[in-house]
file protein_4.cif (mmCIF, C-alpha atoms)
data_upload
loop_
_atom_site.label_atom_id
_atom_site.label_comp_id
_atom_site.auth_asym_id
_atom_site.auth_seq_id
_atom_site.Cartn_x
_atom_site.Cartn_y
_atom_site.Cartn_z
CA MET O 273 123.08 99.11 75.35
CA SER O 274 125.40 97.42 77.36
CA GLY O 275 127.56 97.85 80.14
CA GLY O 276 125.07 95.71 81.84
CA SER O 277 126.19 92.40 83.12
CA HIS O 278 122.99 90.68 82.15
CA ASP O 279 121.73 89.43 78.91
CA SER O 280 120.21 92.53 77.41
CA SER O 281 117.44 90.50 75.79
CA LEU O 282 116.29 89.56 79.26
CA HIS O 283 116.08 93.25 80.03
CA ASP O 284 114.13 93.78 76.84
CA ASP O 285 111.73 91.03 77.80
CA LEU O 286 111.32 92.60 81.19
CA VAL O 287 110.51 95.97 79.65
CA ALA O 288 108.12 94.30 77.24
CA ALA O 289 106.24 92.79 80.17
CA ILE O 290 105.48 96.17 81.74
CA PRO O 291 102.07 96.57 80.11
CA ASN O 292 101.05 93.14 81.36
CA MET O 293 102.34 93.89 84.82
CA ARG O 294 100.37 97.12 84.90
CA ALA O 295 97.20 95.46 83.67
CA PHE O 296 97.55 92.72 86.27
CA ALA O 297 98.31 95.20 89.05
CA ILE O 298 95.33 97.38 88.15
CA SER O 299 93.15 94.29 88.13
CA LEU O 300 94.40 93.37 91.57
CA CYS O 301 94.29 96.67 93.40
CA GLY O 302 91.77 98.61 91.34
CA ASN O 303 93.74 101.83 91.31
CA ARG O 304 96.13 102.96 88.62
CA ASP O 305 98.48 104.98 90.78
CA HIS O 306 98.69 102.24 93.33
CA ALA O 307 99.20 99.74 90.53
CA ASP O 308 102.05 101.72 89.06
CA ASP O 309 103.75 101.91 92.45
CA LEU O 310 103.48 98.14 92.73
CA VAL O 311 104.82 97.62 89.23
CA GLN O 312 107.71 99.94 89.92
CA GLU O 313 108.54 98.09 93.12
CA ALA O 314 108.35 94.75 91.33
CA LEU O 315 110.46 95.97 88.42
CA VAL O 316 113.22 97.18 90.68
CA LYS O 317 113.19 93.91 92.60
CA ALA O 318 113.20 91.87 89.43
CA TRP O 319 115.96 93.92 87.86
CA ASN O 320 118.14 93.57 90.92
CA HIS O 321 117.50 89.85 91.19
CA LEU O 322 117.67 88.78 87.60
CA ASP O 323 120.37 86.36 88.71
CA SER O 324 117.77 84.34 90.52
CA PHE O 325 115.62 84.03 87.43
CA GLU O 326 116.11 80.68 85.78
CA GLU O 327 116.60 81.31 82.12
CA GLY O 328 114.30 79.33 79.96
CA THR O 329 111.46 79.50 82.46
CA ASN O 330 108.52 81.84 82.13
CA LEU O 331 109.76 85.38 82.75
CA LYS O 332 106.28 86.85 82.84
CA ALA O 333 105.22 84.31 85.46
CA TRP O 334 108.28 85.20 87.51
CA LEU O 335 107.52 88.91 87.26
CA PHE O 336 103.88 88.36 88.14
CA THR O 337 104.95 86.38 91.19
CA ILE O 338 107.09 89.25 92.40
CA LEU O 339 104.33 91.72 91.66
CA ARG O 340 101.53 89.87 93.42
CA ASN O 341 103.75 89.09 96.38
CA ALA O 342 104.47 92.79 96.71
CA TYR O 343 100.77 93.50 96.65
CA PHE O 344 99.73 90.80 99.09
CA SER O 345 102.48 91.50 101.57
CA GLU O 346 101.44 95.12 101.51
CA LEU O 347 97.86 94.02 102.08
CA ARG O 348 98.90 91.97 105.05
CA LYS O 349 100.97 94.79 106.44
CA THR O 350 98.32 97.41 106.23
CA LYS O 351 95.41 95.06 106.78
CA ARG O 352 93.71 97.33 104.40
CA GLU O 353 90.77 96.00 102.50
CA VAL O 354 91.76 97.20 99.14
CA ALA O 355 89.19 95.10 97.39
CA ASP O 356 87.47 97.43 95.07
CA SER O 357 83.83 98.08 95.61
CA ASP O 358 81.03 99.77 93.80
CA GLY O 359 82.80 100.42 90.62
CA GLN O 360 85.88 102.23 91.78
CA LEU O 361 87.79 100.17 89.30
CA ALA O 362 85.44 101.17 86.55
CA SER O 363 85.67 104.84 87.37
CA ARG O 364 89.42 104.68 87.50
CA LEU O 365 89.66 102.92 84.22
CA SER O 366 88.70 106.31 82.79
CA VAL O 367 87.41 104.85 79.60
CA PRO O 368 88.18 107.15 76.68
CA ALA O 369 85.20 108.70 74.98
CA GLU O 370 85.52 106.63 71.85
CA GLN O 371 85.22 103.47 73.87
CA GLN O 372 82.17 104.42 75.82
CA GLY O 373 80.06 102.18 73.68
CA HIS O 374 81.62 99.32 75.61
CA LEU O 375 79.06 99.38 78.35
CA ASP O 376 79.44 95.68 78.87
CA LEU O 377 83.06 96.23 79.76
CA LEU O 378 82.09 98.76 82.39
CA ASP O 379 79.64 96.26 83.81
CA LEU O 380 82.34 93.67 83.81
CA ASN O 381 84.79 95.96 85.55
CA ASN O 382 82.20 96.79 88.16
CA ALA O 383 81.59 93.13 88.71
CA LEU O 384 85.28 92.27 88.80
CA GLY O 385 85.78 94.80 91.54
CA LYS O 386 83.28 92.98 93.67
CA LEU O 387 85.10 89.68 93.59
CA PRO O 388 87.34 88.66 96.48
CA VAL O 389 90.89 89.48 95.50
CA ASP O 390 92.05 85.86 95.40
CA GLN O 391 89.30 84.99 92.96
CA ARG O 392 89.99 88.05 90.88
CA GLU O 393 93.65 87.16 90.74
CA ALA O 394 92.94 83.61 89.60
CA LEU O 395 90.44 84.76 87.01
CA ILE O 396 92.79 87.34 85.52
CA LEU O 397 95.78 85.01 85.47
CA VAL O 398 93.97 82.15 83.80
CA GLY O 399 91.12 83.81 81.95
CA ALA O 400 92.74 87.03 80.77
CA GLU O 401 96.50 86.49 80.81
CA GLY O 402 96.17 82.92 79.61
CA PHE O 403 98.45 81.32 82.15
CA SER O 404 98.01 77.60 82.63
CA TYR O 405 96.45 76.51 85.91
CA GLU O 406 99.89 75.24 86.89
CA ASP O 407 101.60 78.56 86.21
CA ALA O 408 98.81 80.44 87.95
CA ALA O 409 99.17 78.17 90.98
CA ALA O 410 102.91 78.76 91.05
CA ILE O 411 102.40 82.51 90.81
CA SER O 412 99.82 82.57 93.57
CA GLY O 413 101.67 80.09 95.73
CA CYS O 414 98.76 77.71 96.04
CA ALA O 415 97.59 74.35 94.77
CA VAL O 416 96.37 73.87 91.22
CA GLY O 417 93.01 72.74 92.58
CA THR O 418 92.73 75.96 94.55
CA VAL O 419 93.23 78.00 91.40
CA LYS O 420 90.60 75.97 89.60
CA SER O 421 88.04 76.44 92.33
CA ARG O 422 88.81 80.15 92.57
CA VAL O 423 88.32 80.52 88.84
CA ASN O 424 85.06 78.62 89.00
CA ARG O 425 83.76 80.64 91.90
CA ALA O 426 84.83 83.87 90.21
CA ARG O 427 83.08 82.89 87.03
CA ALA O 428 79.88 81.93 88.83
CA ARG O 429 79.90 85.14 90.85
CA LEU O 430 80.53 87.27 87.76
CA ASN O 431 77.63 85.63 86.00
CA GLU O 432 75.49 86.45 88.98
CA LEU O 433 76.67 90.03 89.26
CA MET O 434 76.37 90.78 85.60
CA THR O 435 72.88 89.44 85.24
CA ALA O 436 71.59 91.09 88.38
CA PRO O 437 69.62 94.33 88.07
CA PRO O 438 71.63 97.43 89.01
CA ASP O 439 70.03 97.77 92.41
CA GLY O 440 70.60 94.08 92.76
CA GLY O 441 69.74 92.26 95.97
CA PRO O 442 71.11 88.88 96.83
CA GLY O 443 70.03 86.27 94.38
CA ALA O 444 68.82 88.94 92.05
CA GLY O 445 70.38 87.16 89.13
CA GLU O 446 68.46 83.99 89.73
CA ASP O 447 65.29 82.86 88.11
CA LYS O 448 65.38 85.57 85.54
CA ALA O 449 64.27 84.68 82.10
CA ALA O 450 64.98 86.40 78.84
CA PRO O 451 67.69 89.04 78.85
CA GLY O 452 66.66 92.58 79.41
CA ALA O 453 63.11 91.87 80.41
CA GLY O 454 62.02 95.23 81.76
CA GLN O 455 65.37 95.89 83.34
CA PRO O 456 67.18 98.73 81.67
CA GLY O 457 70.39 98.03 83.53
CA ARG O 458 70.72 94.57 82.15
CA ARG O 459 72.81 93.99 79.10
CA ARG O 460 71.68 91.59 76.54
CA ALA O 461 75.13 90.16 76.22
CA ALA O 462 75.54 89.76 79.93
CA GLY O 463 72.35 87.79 80.08
CA ALA O 464 73.81 85.24 77.77
CA ILE O 465 76.93 84.42 79.64
CA MET X 259 88.15 83.43 59.12
CA SER X 260 84.83 85.02 58.26
CA LYS X 261 83.35 81.57 58.21
CA LYS X 262 84.66 81.01 61.67
CA LYS X 263 83.27 84.31 62.83
CA GLU X 264 79.92 83.39 61.43
CA ALA X 265 79.96 80.09 63.22
CA TYR X 266 80.92 81.84 66.40
CA ALA X 267 78.16 84.39 66.11
CA LYS X 268 75.75 81.57 65.53
CA THR X 269 76.99 79.77 68.58
CA ALA X 270 76.59 82.89 70.66
CA ALA X 271 73.07 83.40 69.36
CA GLU X 272 72.16 79.81 70.06
CA SER X 273 73.56 80.15 73.49
CA GLU X 274 71.42 83.18 74.16
CA GLN X 275 68.33 81.48 72.90
CA ARG X 276 68.96 78.46 75.00
CA VAL X 277 69.45 80.57 78.08
CA ALA X 278 66.24 82.42 77.34
CA SER X 279 64.22 79.30 76.67
CA ALA X 280 65.57 77.58 79.71
CA GLY X 281 63.78 80.24 81.70
CA GLY X 282 66.89 81.27 83.52
CA ARG X 283 70.58 81.13 83.63
CA VAL X 284 72.23 77.80 83.55
CA PRO X 285 75.47 77.62 85.49
CA ALA X 286 78.34 77.92 83.09
CA ALA X 287 79.98 74.80 84.41
CA ALA X 288 76.83 72.79 83.92
CA ARG X 289 76.52 74.01 80.37
CA ALA X 290 80.11 73.20 79.65
CA ASN X 291 79.62 69.71 80.95
CA ALA X 292 76.40 69.17 79.11
CA ARG X 293 77.72 70.50 75.85
CA PRO X 294 81.37 69.72 75.48
CA ASP X 295 81.06 70.16 71.73
CA GLU X 296 79.92 73.72 72.25
CA GLU X 297 82.89 74.46 74.38
CA SER X 298 85.26 73.38 71.67
CA ARG X 299 83.38 75.33 69.07
CA GLU X 300 83.47 78.44 71.20
CA ALA X 301 87.17 78.05 71.54
CA GLY X 302 87.47 78.00 67.77
CA PRO X 303 87.93 81.68 66.93
CA SER X 304 90.41 82.12 69.71
CA ALA X 305 92.35 78.99 68.89
CA ARG X 306 95.50 81.06 68.58
CA ARG X 307 95.27 81.70 72.29
CA ALA X 308 96.56 79.38 74.92
CA PRO X 309 94.14 76.49 75.40
CA ASP X 310 93.57 77.39 79.02
CA GLN X 311 91.91 80.63 78.00
CA ALA X 312 88.98 78.52 77.01
CA VAL X 313 88.33 77.99 80.72
CA ILE X 314 86.28 81.16 80.52
CA PRO X 315 84.23 80.29 77.50
CA GLY X 316 81.66 82.35 75.70
CA ILE X 317 80.76 85.95 76.15
CA LEU X 318 82.11 86.36 79.64
CA GLY X 319 85.50 85.14 78.48
CA ARG X 320 85.50 87.47 75.52
CA GLN X 321 84.47 90.43 77.65
CA LEU X 322 87.11 89.61 80.18
CA ARG X 323 89.83 89.43 77.55
CA ALA X 324 88.54 92.59 75.89
CA ALA X 325 88.55 94.49 79.18
CA TYR X 326 92.00 93.23 79.98
CA GLY X 327 93.11 94.04 76.45
CA GLU X 328 92.10 97.63 77.01
CA LEU X 329 94.28 97.75 80.09
CA LEU X 330 97.15 96.24 78.13
CA ASN X 331 96.85 98.90 75.48
CA VAL X 332 97.12 101.81 77.86
CA PRO X 333 100.40 103.56 77.04
CA VAL X 334 103.13 102.98 79.60
CA PRO X 335 103.74 106.20 81.54
CA ASP X 336 107.08 107.95 81.25
CA ARG X 337 107.97 107.09 84.81
CA PHE X 338 108.72 103.56 83.69
CA ASN X 339 111.00 104.66 80.88
CA ASP X 340 112.81 106.84 83.38
CA LEU X 341 112.99 103.97 85.84
CA ILE X 342 114.46 101.59 83.27
CA LYS X 343 117.00 104.21 82.24
CA LYS X 344 118.03 104.68 85.85
CA LEU X 345 118.31 100.94 86.40
CA GLN X 346 120.44 100.59 83.29
CA GLU X 347 122.68 103.45 84.30
CA LYS X 348 123.07 102.04 87.76
CA GLU X 349 123.93 98.67 86.34
CA SER X 350 126.48 100.16 83.99
CA GLU X 351 128.15 101.82 86.92
CA ASP X 352 128.07 98.63 88.95
CA ALA X 353 129.43 96.67 86.03
CA ALA X 354 132.26 99.14 85.64
CA THR X 355 133.28 98.77 89.26
CA THR X 356 132.79 95.04 89.68
CA VAL X 357 134.04 94.14 86.20
CA GLY X 358 130.99 92.08 85.50
CA ASP X 359 131.87 89.12 87.65
CA GLU X 360 128.20 88.26 87.96
CA GLU X 361 128.21 86.98 84.45
CA GLU X 362 131.26 84.86 84.99
CA SER X 363 129.87 83.23 88.07
CA ALA X 364 126.63 82.58 86.28
#
call {"tool": "encode", "arguments": {"input": "protein_4.cif", "output": "structure tokens"}}
result
Amino acid sequence: MSGGSHDSSLHDDLVAAIPNMRAFAISLCGNRDHADDLVQEALVKAWNHLDSFEEGTNLKAWLFTILRNAYFSELRKTKREVADSDGQLASRLSVPAEQQGHLDLLDLNNALGKLPVDQREALILVGAEGFSYEDAAAISGCAVGTVKSRVNRARARLNELMTAPPDGGPGAGEDKAAPGAGQPGRRRAAGAI
Amino acid sequence: MSKKKEAYAKTAAESEQRVASAGGRVPAAARANARPDEESREAGPSARRAPDQAVIPGILGRQLRAAYGELLNVPVPDRFNDLIKKLQEKESEDAATTVGDEEESA
């Protein structure tokens, strides 16, 4: 490789982070094509500004910051409510046939899509990517306490959504007893969250 | 490892029973507070993960990580390989013309 003026291992790390960036972007915007556009934009920015990356700090966190900023500034610009609803995320995940046994995952994806985007972001960063609250706060440009409360709200809302019957009204997840009681749409596992 | 798995399965089963017998869902936070020991046991099988991942304990956390894992395992489309190649080529050209002074200044 070479020719490049940067440490090529940094480039390798950047390339290695692409799957994570895509997963995060899909989680945010709920659409693969849109996600890939965001990742591409973030990659180009990152590549061109590697000088401003402080070596020794968390590259993935830096990349995620660029990526989510690209997404949120686009959101602000277009004022588009991109928040996924009614399972668009699930349908776009296009689960391969051999994975269709994972009905709980589809439920989860449906539910994730119904979270406000800031809560979804916090939940993915901390709960799925495994960032510390501090890193997640730095990525999202907010206070650590804000991340914590977003995660808590996201978790509570997911529990609600995933235990509600499919036709679910408000509060449908409350006061329900044993999992699956006469409600085909309910997953046993979801009931136990 | 299998012992751990067993313990985990047991924990999950207990958790389900408790939820059922409680006659409803107990808020996750409340459960975590009431049973700190459970939280640490649930974190057991995933101890190789960052500690903060335990913030989403139990089945929801596992489902979340599994769903995200599926996204992570989706093959990266060719457009990204092409993009990286282009970026590398561009940088090589830039480096050739600017004689890599970026590195020196850094």
call {"tool": "closest_atom_pairs", "arguments": {"input": "protein_4.cif", "of": "segment 297-331 of chain O", "to": "segment 386-407 of chain O", "cutoff": "10 Å", "atoms": "only C-alpha atoms", "output": "JSON lines"}}
result
{"residue": "O:Ala297", "atom": "CA", "partner": "O:Glu393", "partner_atom": "CA", "distance": 9.4}
{"residue": "O:Ser299", "atom": "CA", "partner": "O:Ile396", "partner_atom": "CA", "distance": 7.4}
{"residue": "O:Leu300", "atom": "CA", "partner": "O:Glu393", "partner_atom": "CA", "distance": 6.3}
{"residue": "O:Cys301", "atom": "CA", "partner": "O:Val389", "partner_atom": "CA", "distance": 8.2}
{"residue": "O:Asn330", "atom": "CA", "partner": "O:Asp407", "partner_atom": "CA", "distance": 8.7}
call {"tool": "resolve_selection", "arguments": {"input": "protein_4.cif", "expression": "the PyMOL selection byres ((chain O and resi 324) around 12)", "output": "PyMOL selection string"}}
result
(chain O and resi 278+317-323+325-327+329+331+334-335+338) or (chain X and resi 360+364)
call {"tool": "residues_around", "arguments": {"input": "protein_4.cif", "residues": "Asp309 of chain O", "least_positions_apart": "2", "cutoff": "12 Å", "atoms": "only C-alpha atoms", "output": "list in words"}}
result
Met293, Arg294, Ala297, Ile298, Cys301, Asn303, Arg304, Asp305, His306, Ala307, Val311, Gln312, Glu313, Ala314, Leu315, Val316, Leu339, Ala342, Tyr343 and Glu346 of chain O; Pro335, Arg337, Phe338 and Leu341 of chain X
call {"tool": "closest_residue", "arguments": {"input": "protein_4.cif", "among": "O:Leu282, O:Ala409, O:Ala415, O:Ile290", "to": "chain X", "atoms": "only C-alpha atoms"}}
result
O:Ile290
call {"tool": "atom_distance", "arguments": {"input": "protein_4.cif", "atom1": "atom CA of Arg429 of chain O", "atom2": "atom CA of Phe296 of chain O"}}
result
19.7 Å
